[in-house]
Amino acid sequence: MSDNPVLYWFRDDLRLADNPALAAAHATGRPLVLLYILDESSRESRALGGASRWWLDKSLRSLCERIAAKGGKLVLRKGPAETIIADLVAKTGATAVYWNRRYGPARKIDERIKAALKKDGAEAHSFNGSLLVEPFALKTGSGGDFKVFTPFWKALQASITIPDAAPEPRTLAAGPKLPSDDIDTWDLHPSNPDWSTGFGEMWIPGELDARRRLREFLAGAIRNYTDGRNMPAEDSTSRLSPYLHFGEISPHQVWRAARHAEESGEASAREIQKFLSEIAWRDFSHYLLYHDPEMGRLSWRRQFEAVEWRKGTKAELEAWKRGQTGYPIVDAGMRQLWATGWMHNRVRMIVASFFAKDLLVHWRKGEEWFWDTLVDADEANNANGWQWTAGTGADAAPYFRVFNPILQGEKFDPEGAYVGQWVPELAKLPPKWIHRPWEAPAAVLSVAGVTLGDTYPQPIVDHDFARKRALETYKGSSQETAA
DNA sequence: TGAAATGTTGGGGCG
DNA sequence: ACGCCCCAACATTTC
């Protein structure tokens, strides 16, 4: 019996280092089956967006190579996880399955698999591999769930103990021979159209690049993180979000490295604290989704489902997606997203506010576009971010807080460098006019080669009008109906 | 991790 | 010299 294998199931934890479930499976000393399942058929498993598929494609190829270099093999399967696990356990005689826990709607799948394994006499061992602190481990003083970030963050810091890194297996001797899908047949790379051609210039998916980025961030941009993180033209954020989503790096690895940078004097305590609080926002998002599994499609404050959202015209929605709204900072962000699969966080708030407040369309429709186009698309973070901006979420911006895209542009991109990069047809406008070209004198536009309505669109909606419309609509249909 | 509307204050122009 | 008005500049309130 001791020659029977154990199975390790990769999900959003595509790394070999600091992987507690993998380390535990490896430590059994038994033959190891390494498995990844592309599950597009289980009800609780949200189909991956296009940008995520691009990332997964590269990340799995990188993981396959790393595993092969250690003598192992990654088995790829496509289909419902429940039947594939059951099938592999039966075929190989595996006595146990190891995985790192999930916290969103997909955890229902894991619960069913765990029950089925138990019934068949196999063990299921699960671990925390992706959060600083697991959602069920943090309660308020009165035993309730946190609804505000700051007390959540304080409680997290008070209770957290960072374990030593789980050892990376030095070798991964191949287990029993098993058929595996050829990743090429999964068609993860976008086609018709392939808009991902620019992604490769910005990203190298995989855990090695994740660790390189973290190292370089902590040696450089972190020094000016608190202020710099709001300036989209600067390279002051870590850009670790896709790596964290796919588990190519763990938040524990980030925490340890950040504290080390602090202790060695490489970075100031203030900047480290700010950065780690942003990592904790990720935990907070997962915490909220765990306690409200419907948060991905319904407003966390349910009374906001009563808001009479506009459907939005086809032209409006298309203009937003393609970066043709006539508001330069919005268009720059949407074009950066399309070109790179990523958008600076400050600009995400601006384009989301424009969508949910100025266009007054249900935040879920915007969330769906982000889901499809972001390489870091994440059910918890995406829903939390949109709901924060729309004013429907926990600890959200109040509904009457409406971003002014002109003022936001002038405040956070004062030189117009970010707009100039992503909306090149406006690049020659002086900073004074680049965020409000429709107010620029004709001579200025002419010199800059801008013809409004031709080389660059007129605003698709008047912000002053849209702001008032949003205030009236939100107030009318959400406030009075509050329980 | 807002922005607009409204209120207050104080200096300077001017009769 | 005085009162009045205007309006930045800043503070507070409101959405």
# chains A, B, ... in the order shown; residues from 1 in each chain; ligands from 1
$ select_by_dssp --residues "region 18-163 of chain A" --states "helix (DSSP H, G or I)" --output "PyMOL selection string"
chain A and resi 20-27+50-69+81-92+107-119+135-137+149-159
$ interface_residues --of "chain A" --to "chain B" --cutoff "12 Å" --atoms "only C-alpha atoms (C1' of nucleotides)" --output "mmCIF file with N, CA and C atoms, in the first residue's frame"
data_model
loop_
_atom_site.group_PDB
_atom_site.id
_atom_site.type_symbol
_atom_site.label_atom_id
_atom_site.label_comp_id
_atom_site.auth_asym_id
_atom_site.auth_seq_id
_atom_site.Cartn_x
_atom_site.Cartn_y
_atom_site.Cartn_z
ATOM 1 N N THR A 226 3.843 55.420 -0.994
ATOM 2 C CA THR A 226 2.639 56.068 -0.469
ATOM 3 C C THR A 226 2.100 57.130 -1.423
ATOM 4 N N ARG A 229 2.139 55.676 -5.615
ATOM 5 C CA ARG A 229 1.159 54.677 -6.027
ATOM 6 C C ARG A 229 -0.090 55.296 -6.656
ATOM 7 N N ASN A 230 -0.275 56.576 -6.457
ATOM 8 C CA ASN A 230 -1.449 57.228 -7.037
ATOM 9 C C ASN A 230 -1.171 57.889 -8.381
ATOM 10 N N GLU A 278 -2.192 47.310 1.539
ATOM 11 C CA GLU A 278 -2.811 47.028 0.231
ATOM 12 C C GLU A 278 -2.902 45.522 -0.008
ATOM 13 N N ASN A 345 -4.229 51.225 -10.540
ATOM 14 C CA ASN A 345 -5.367 51.216 -9.604
ATOM 15 C C ASN A 345 -6.099 52.546 -9.515
ATOM 16 N N ARG A 346 -5.395 53.635 -9.480
ATOM 17 C CA ARG A 346 -6.059 54.944 -9.410
ATOM 18 C C ARG A 346 -6.996 55.113 -10.604
ATOM 19 N N VAL A 347 -6.539 54.676 -11.764
ATOM 20 C CA VAL A 347 -7.331 54.851 -12.975
ATOM 21 C C VAL A 347 -8.500 53.867 -12.998
ATOM 22 N N ARG A 348 -8.324 52.683 -12.385
ATOM 23 C CA ARG A 348 -9.463 51.760 -12.276
ATOM 24 C C ARG A 348 -10.612 52.445 -11.556
ATOM 25 N N MET A 349 -10.292 53.187 -10.502
ATOM 26 C CA MET A 349 -11.348 53.871 -9.755
ATOM 27 C C MET A 349 -12.021 54.931 -10.618
ATOM 28 N N ILE A 350 -11.216 55.624 -11.416
ATOM 29 C CA ILE A 350 -11.761 56.703 -12.247
ATOM 30 C C ILE A 350 -12.672 56.131 -13.338
ATOM 31 N N SER A 353 -15.847 54.697 -11.736
ATOM 32 C CA SER A 353 -16.770 55.754 -11.328
ATOM 33 C C SER A 353 -17.489 56.304 -12.556
ATOM 34 N N GLY A 385 -13.624 45.864 -5.682
ATOM 35 C CA GLY A 385 -13.206 47.130 -6.269
ATOM 36 C C GLY A 385 -14.360 47.866 -6.928
ATOM 37 N N TRP A 388 -16.829 49.016 -4.313
ATOM 38 C CA TRP A 388 -16.317 50.162 -3.556
ATOM 39 C C TRP A 388 -16.625 51.441 -4.314
ATOM 40 N N THR A 389 -16.288 51.437 -5.606
ATOM 41 C CA THR A 389 -16.456 52.641 -6.410
ATOM 42 C C THR A 389 -17.927 52.974 -6.628
ATOM 43 N N ASP A 395 -17.681 49.107 3.381
ATOM 44 C CA ASP A 395 -16.673 50.150 3.532
ATOM 45 C C ASP A 395 -16.434 50.886 2.210
ATOM 46 N N ALA A 396 -17.527 51.094 1.489
ATOM 47 C CA ALA A 396 -17.402 51.682 0.152
ATOM 48 C C ALA A 396 -17.434 53.202 0.206
ATOM 49 N N ALA A 397 -17.009 53.808 -0.887
ATOM 50 C CA ALA A 397 -17.204 55.246 -1.037
ATOM 51 C C ALA A 397 -18.706 55.508 -1.015
ATOM 52 N N PRO A 398 -19.180 56.502 -0.270
ATOM 53 C CA PRO A 398 -20.617 56.787 -0.257
ATOM 54 C C PRO A 398 -21.118 57.101 -1.669
ATOM 55 N N TYR A 399 -22.363 56.801 -1.919
ATOM 56 C CA TYR A 399 -22.866 56.888 -3.295
ATOM 57 C C TYR A 399 -22.727 58.280 -3.884
ATOM 58 N N PHE A 400 -22.726 59.301 -2.998
ATOM 59 C CA PHE A 400 -22.667 60.670 -3.513
ATOM 60 C C PHE A 400 -21.248 61.123 -3.832
ATOM 61 N N ARG A 401 -20.269 60.235 -3.560
ATOM 62 C CA ARG A 401 -18.891 60.593 -3.915
ATOM 63 C C ARG A 401 -18.665 60.244 -5.373
ATOM 64 N N VAL A 402 -18.677 61.241 -6.207
ATOM 65 C CA VAL A 402 -18.547 61.038 -7.653
ATOM 66 C C VAL A 402 -17.225 61.625 -8.117
ATOM 67 N N PHE A 403 -16.415 60.807 -8.747
ATOM 68 C CA PHE A 403 -15.137 61.307 -9.255
ATOM 69 C C PHE A 403 -15.388 62.216 -10.454
ATOM 70 N N ASN A 404 -14.679 63.325 -10.475
ATOM 71 C CA ASN A 404 -14.687 64.210 -11.637
ATOM 72 C C ASN A 404 -13.469 63.837 -12.486
ATOM 73 N N PRO A 405 -13.697 63.281 -13.676
ATOM 74 C CA PRO A 405 -12.556 62.760 -14.454
ATOM 75 C C PRO A 405 -11.553 63.842 -14.855
ATOM 76 N N ILE A 406 -12.015 65.081 -14.942
ATOM 77 C CA ILE A 406 -11.089 66.167 -15.296
ATOM 78 C C ILE A 406 -10.173 66.462 -14.107
ATOM 79 N N LEU A 407 -10.792 66.645 -12.944
ATOM 80 C CA LEU A 407 -9.994 66.977 -11.753
ATOM 81 C C LEU A 407 -9.080 65.825 -11.355
ATOM 82 N N GLN A 408 -9.583 64.591 -11.470
ATOM 83 C CA GLN A 408 -8.746 63.435 -11.153
ATOM 84 C C GLN A 408 -7.531 63.399 -12.078
ATOM 85 N N LYS A 411 -5.104 66.131 -11.076
ATOM 86 C CA LYS A 411 -4.466 65.901 -9.785
ATOM 87 C C LYS A 411 -3.416 64.782 -9.866
ATOM 88 N N HIS A 463 -20.313 65.742 -17.837
ATOM 89 C CA HIS A 463 -20.114 65.245 -16.477
ATOM 90 C C HIS A 463 -21.022 65.948 -15.453
ATOM 91 N N ASP A 464 -21.190 67.246 -15.581
ATOM 92 C CA ASP A 464 -22.040 67.952 -14.603
ATOM 93 C C ASP A 464 -23.472 67.417 -14.641
ATOM 94 N N ARG A 467 -23.455 63.748 -13.258
ATOM 95 C CA ARG A 467 -23.306 63.701 -11.807
ATOM 96 C C ARG A 467 -24.652 63.912 -11.123
ATOM 97 N N LYS A 468 -25.365 64.946 -11.569
ATOM 98 C CA LYS A 468 -26.671 65.236 -10.954
ATOM 99 C C LYS A 468 -27.643 64.083 -11.192
#
$ residues_around --residues "region 319-334 of chain A" --least-positions-apart "3" --cutoff "7 Å" --atoms "only C-alpha atoms (C1' of nucleotides)" --output "MDAnalysis selection string"
chainID A and resid 315:316 337:338 343 347 350:351 405 409 419 422:423 435 456:460
$ residues_around --residues "region 279-295 of chain A" --least-positions-apart "4" --cutoff "7 Å" --atoms "only C-alpha atoms (C1' of nucleotides)" --output "ChimeraX atom specification"
/A:103-105,131-132,135,149,153,275,299-300,380-381,383-384
$ write_last_selection --atoms "N, CA and C atoms" --output "PDB file, in the first residue's frame"
ATOM      1  N   TYR A 103     -11.765  30.162  -1.432  1.00  0.00           N
ATOM      2  CA  TYR A 103     -12.668  30.844  -0.495  1.00  0.00           C
ATOM      3  C   TYR A 103     -13.891  31.456  -1.172  1.00  0.00           C
ATOM      4  N   GLY A 104     -13.941  31.387  -2.488  1.00  0.00           N
ATOM      5  CA  GLY A 104     -15.080  31.937  -3.202  1.00  0.00           C
ATOM      6  C   GLY A 104     -16.122  30.850  -3.429  1.00  0.00           C
ATOM      7  N   PRO A 105     -17.036  31.091  -4.369  1.00  0.00           N
ATOM      8  CA  PRO A 105     -18.094  30.116  -4.648  1.00  0.00           C
ATOM      9  C   PRO A 105     -17.543  28.722  -4.967  1.00  0.00           C
ATOM     10  N   LEU A 131      -3.938  33.189   1.452  1.00  0.00           N
ATOM     11  CA  LEU A 131      -4.349  34.393   2.192  1.00  0.00           C
ATOM     12  C   LEU A 131      -3.458  34.587   3.417  1.00  0.00           C
ATOM     13  N   LEU A 132      -3.341  35.843   3.839  1.00  0.00           N
ATOM     14  CA  LEU A 132      -2.584  36.123   5.060  1.00  0.00           C
ATOM     15  C   LEU A 132      -3.253  35.447   6.240  1.00  0.00           C
ATOM     16  N   PRO A 135     -10.606  33.631   6.147  1.00  0.00           N
ATOM     17  CA  PRO A 135     -11.795  34.432   6.476  1.00  0.00           C
ATOM     18  C   PRO A 135     -12.522  33.970   7.733  1.00  0.00           C
ATOM     19  N   PHE A 149     -12.736  48.113   6.568  1.00  0.00           N
ATOM     20  CA  PHE A 149     -11.371  47.643   6.385  1.00  0.00           C
ATOM     21  C   PHE A 149     -10.463  47.918   7.582  1.00  0.00           C
ATOM     22  N   TRP A 153      -8.080  45.291   9.350  1.00  0.00           N
ATOM     23  CA  TRP A 153      -6.621  45.354   9.197  1.00  0.00           C
ATOM     24  C   TRP A 153      -5.937  45.325  10.559  1.00  0.00           C
ATOM     25  N   PHE A 275       2.200  49.479   1.940  1.00  0.00           N
ATOM     26  CA  PHE A 275       2.172  48.399   0.937  1.00  0.00           C
ATOM     27  C   PHE A 275       1.474  47.161   1.501  1.00  0.00           C
ATOM     28  N   SER A 299     -25.164  43.526  -5.395  1.00  0.00           N
ATOM     29  CA  SER A 299     -24.613  44.553  -4.522  1.00  0.00           C
ATOM     30  C   SER A 299     -24.560  44.035  -3.089  1.00  0.00           C
ATOM     31  N   TRP A 300     -23.413  44.255  -2.444  1.00  0.00           N
ATOM     32  CA  TRP A 300     -23.217  43.777  -1.082  1.00  0.00           C
ATOM     33  C   TRP A 300     -24.267  44.388  -0.154  1.00  0.00           C
ATOM     34  N   ALA A 380     -12.964  37.990  -6.147  1.00  0.00           N
ATOM     35  CA  ALA A 380     -13.092  38.766  -4.911  1.00  0.00           C
ATOM     36  C   ALA A 380     -12.640  40.215  -5.109  1.00  0.00           C
ATOM     37  N   ASN A 381     -11.444  40.393  -5.630  1.00  0.00           N
ATOM     38  CA  ASN A 381     -10.913  41.753  -5.770  1.00  0.00           C
ATOM     39  C   ASN A 381     -11.706  42.571  -6.781  1.00  0.00           C
ATOM     40  N   ALA A 383     -14.908  42.249  -7.736  1.00  0.00           N
ATOM     41  CA  ALA A 383     -16.213  42.620  -7.197  1.00  0.00           C
ATOM     42  C   ALA A 383     -16.059  43.688  -6.120  1.00  0.00           C
ATOM     43  N   ASN A 384     -15.077  43.512  -5.249  1.00  0.00           N
ATOM     44  CA  ASN A 384     -14.890  44.480  -4.168  1.00  0.00           C
ATOM     45  C   ASN A 384     -14.503  45.849  -4.719  1.00  0.00           C
TER      46      ASN A 384
END
$ residues_around --residues "Met202 (chain A)" --least-positions-apart "3" --cutoff "10 Å" --atoms "only C-alpha atoms (C1' of nucleotides)" --output "PyMOL selection string"
chain A and resi 198-199+205+339-342
$ write_last_selection --atoms "N, CA and C atoms" --output "short mmCIF file (atom, residue, chain, number, x, y, z; two decimals), in the first residue's frame"
data_model
loop_
_atom_site.label_atom_id
_atom_site.label_comp_id
_atom_site.auth_asym_id
_atom_site.auth_seq_id
_atom_site.Cartn_x
_atom_site.Cartn_y
_atom_site.Cartn_z
N GLY A 198 0.50 42.66 -27.10
CA GLY A 198 1.33 43.53 -26.28
C GLY A 198 1.58 43.01 -24.88
N PHE A 199 0.86 41.97 -24.48
CA PHE A 199 0.98 41.49 -23.09
C PHE A 199 2.41 41.02 -22.78
N PRO A 205 4.61 35.53 -17.05
CA PRO A 205 3.93 34.76 -16.02
C PRO A 205 4.84 33.66 -15.45
N ALA A 339 -4.43 47.11 -24.00
CA ALA A 339 -3.10 46.85 -24.57
C ALA A 339 -2.25 45.93 -23.69
N THR A 340 -2.43 46.03 -22.38
CA THR A 340 -1.50 45.33 -21.48
C THR A 340 -2.16 44.31 -20.57
N GLY A 341 -3.51 44.30 -20.52
CA GLY A 341 -4.19 43.39 -19.61
C GLY A 341 -4.17 43.88 -18.17
N TRP A 342 -3.83 45.13 -18.00
CA TRP A 342 -3.67 45.67 -16.64
C TRP A 342 -3.99 47.15 -16.67
#
$ residues_around --residues "Gly449 (chain A)" --least-positions-apart "4" --cutoff "9 Å" --atoms "only C-alpha atoms (C1' of nucleotides)" --output "PDB file with C-alpha atoms, in the first residue's frame"
ATOM      1  CA  GLU A 425      -3.504  61.873 -30.444  1.00  0.00           C
ATOM      2  CA  LEU A 426      -3.622  64.273 -27.449  1.00  0.00           C
ATOM      3  CA  LYS A 428       0.929  67.478 -27.966  1.00  0.00           C
ATOM      4  CA  LEU A 429      -1.671  69.336 -25.921  1.00  0.00           C
ATOM      5  CA  VAL A 444      -4.119  75.450 -29.168  1.00  0.00           C
ATOM      6  CA  LEU A 445      -6.008  72.498 -30.611  1.00  0.00           C
ATOM      7  CA  THR A 455      -9.064  62.879 -34.330  1.00  0.00           C
TER       8      THR A 455
END
$ closest_residue --among "A:Tyr243, A:Trp255, A:Phe465, A:Trp369" --to "Asp209 (chain A)" --atoms "only C-alpha atoms"
A:Tyr243
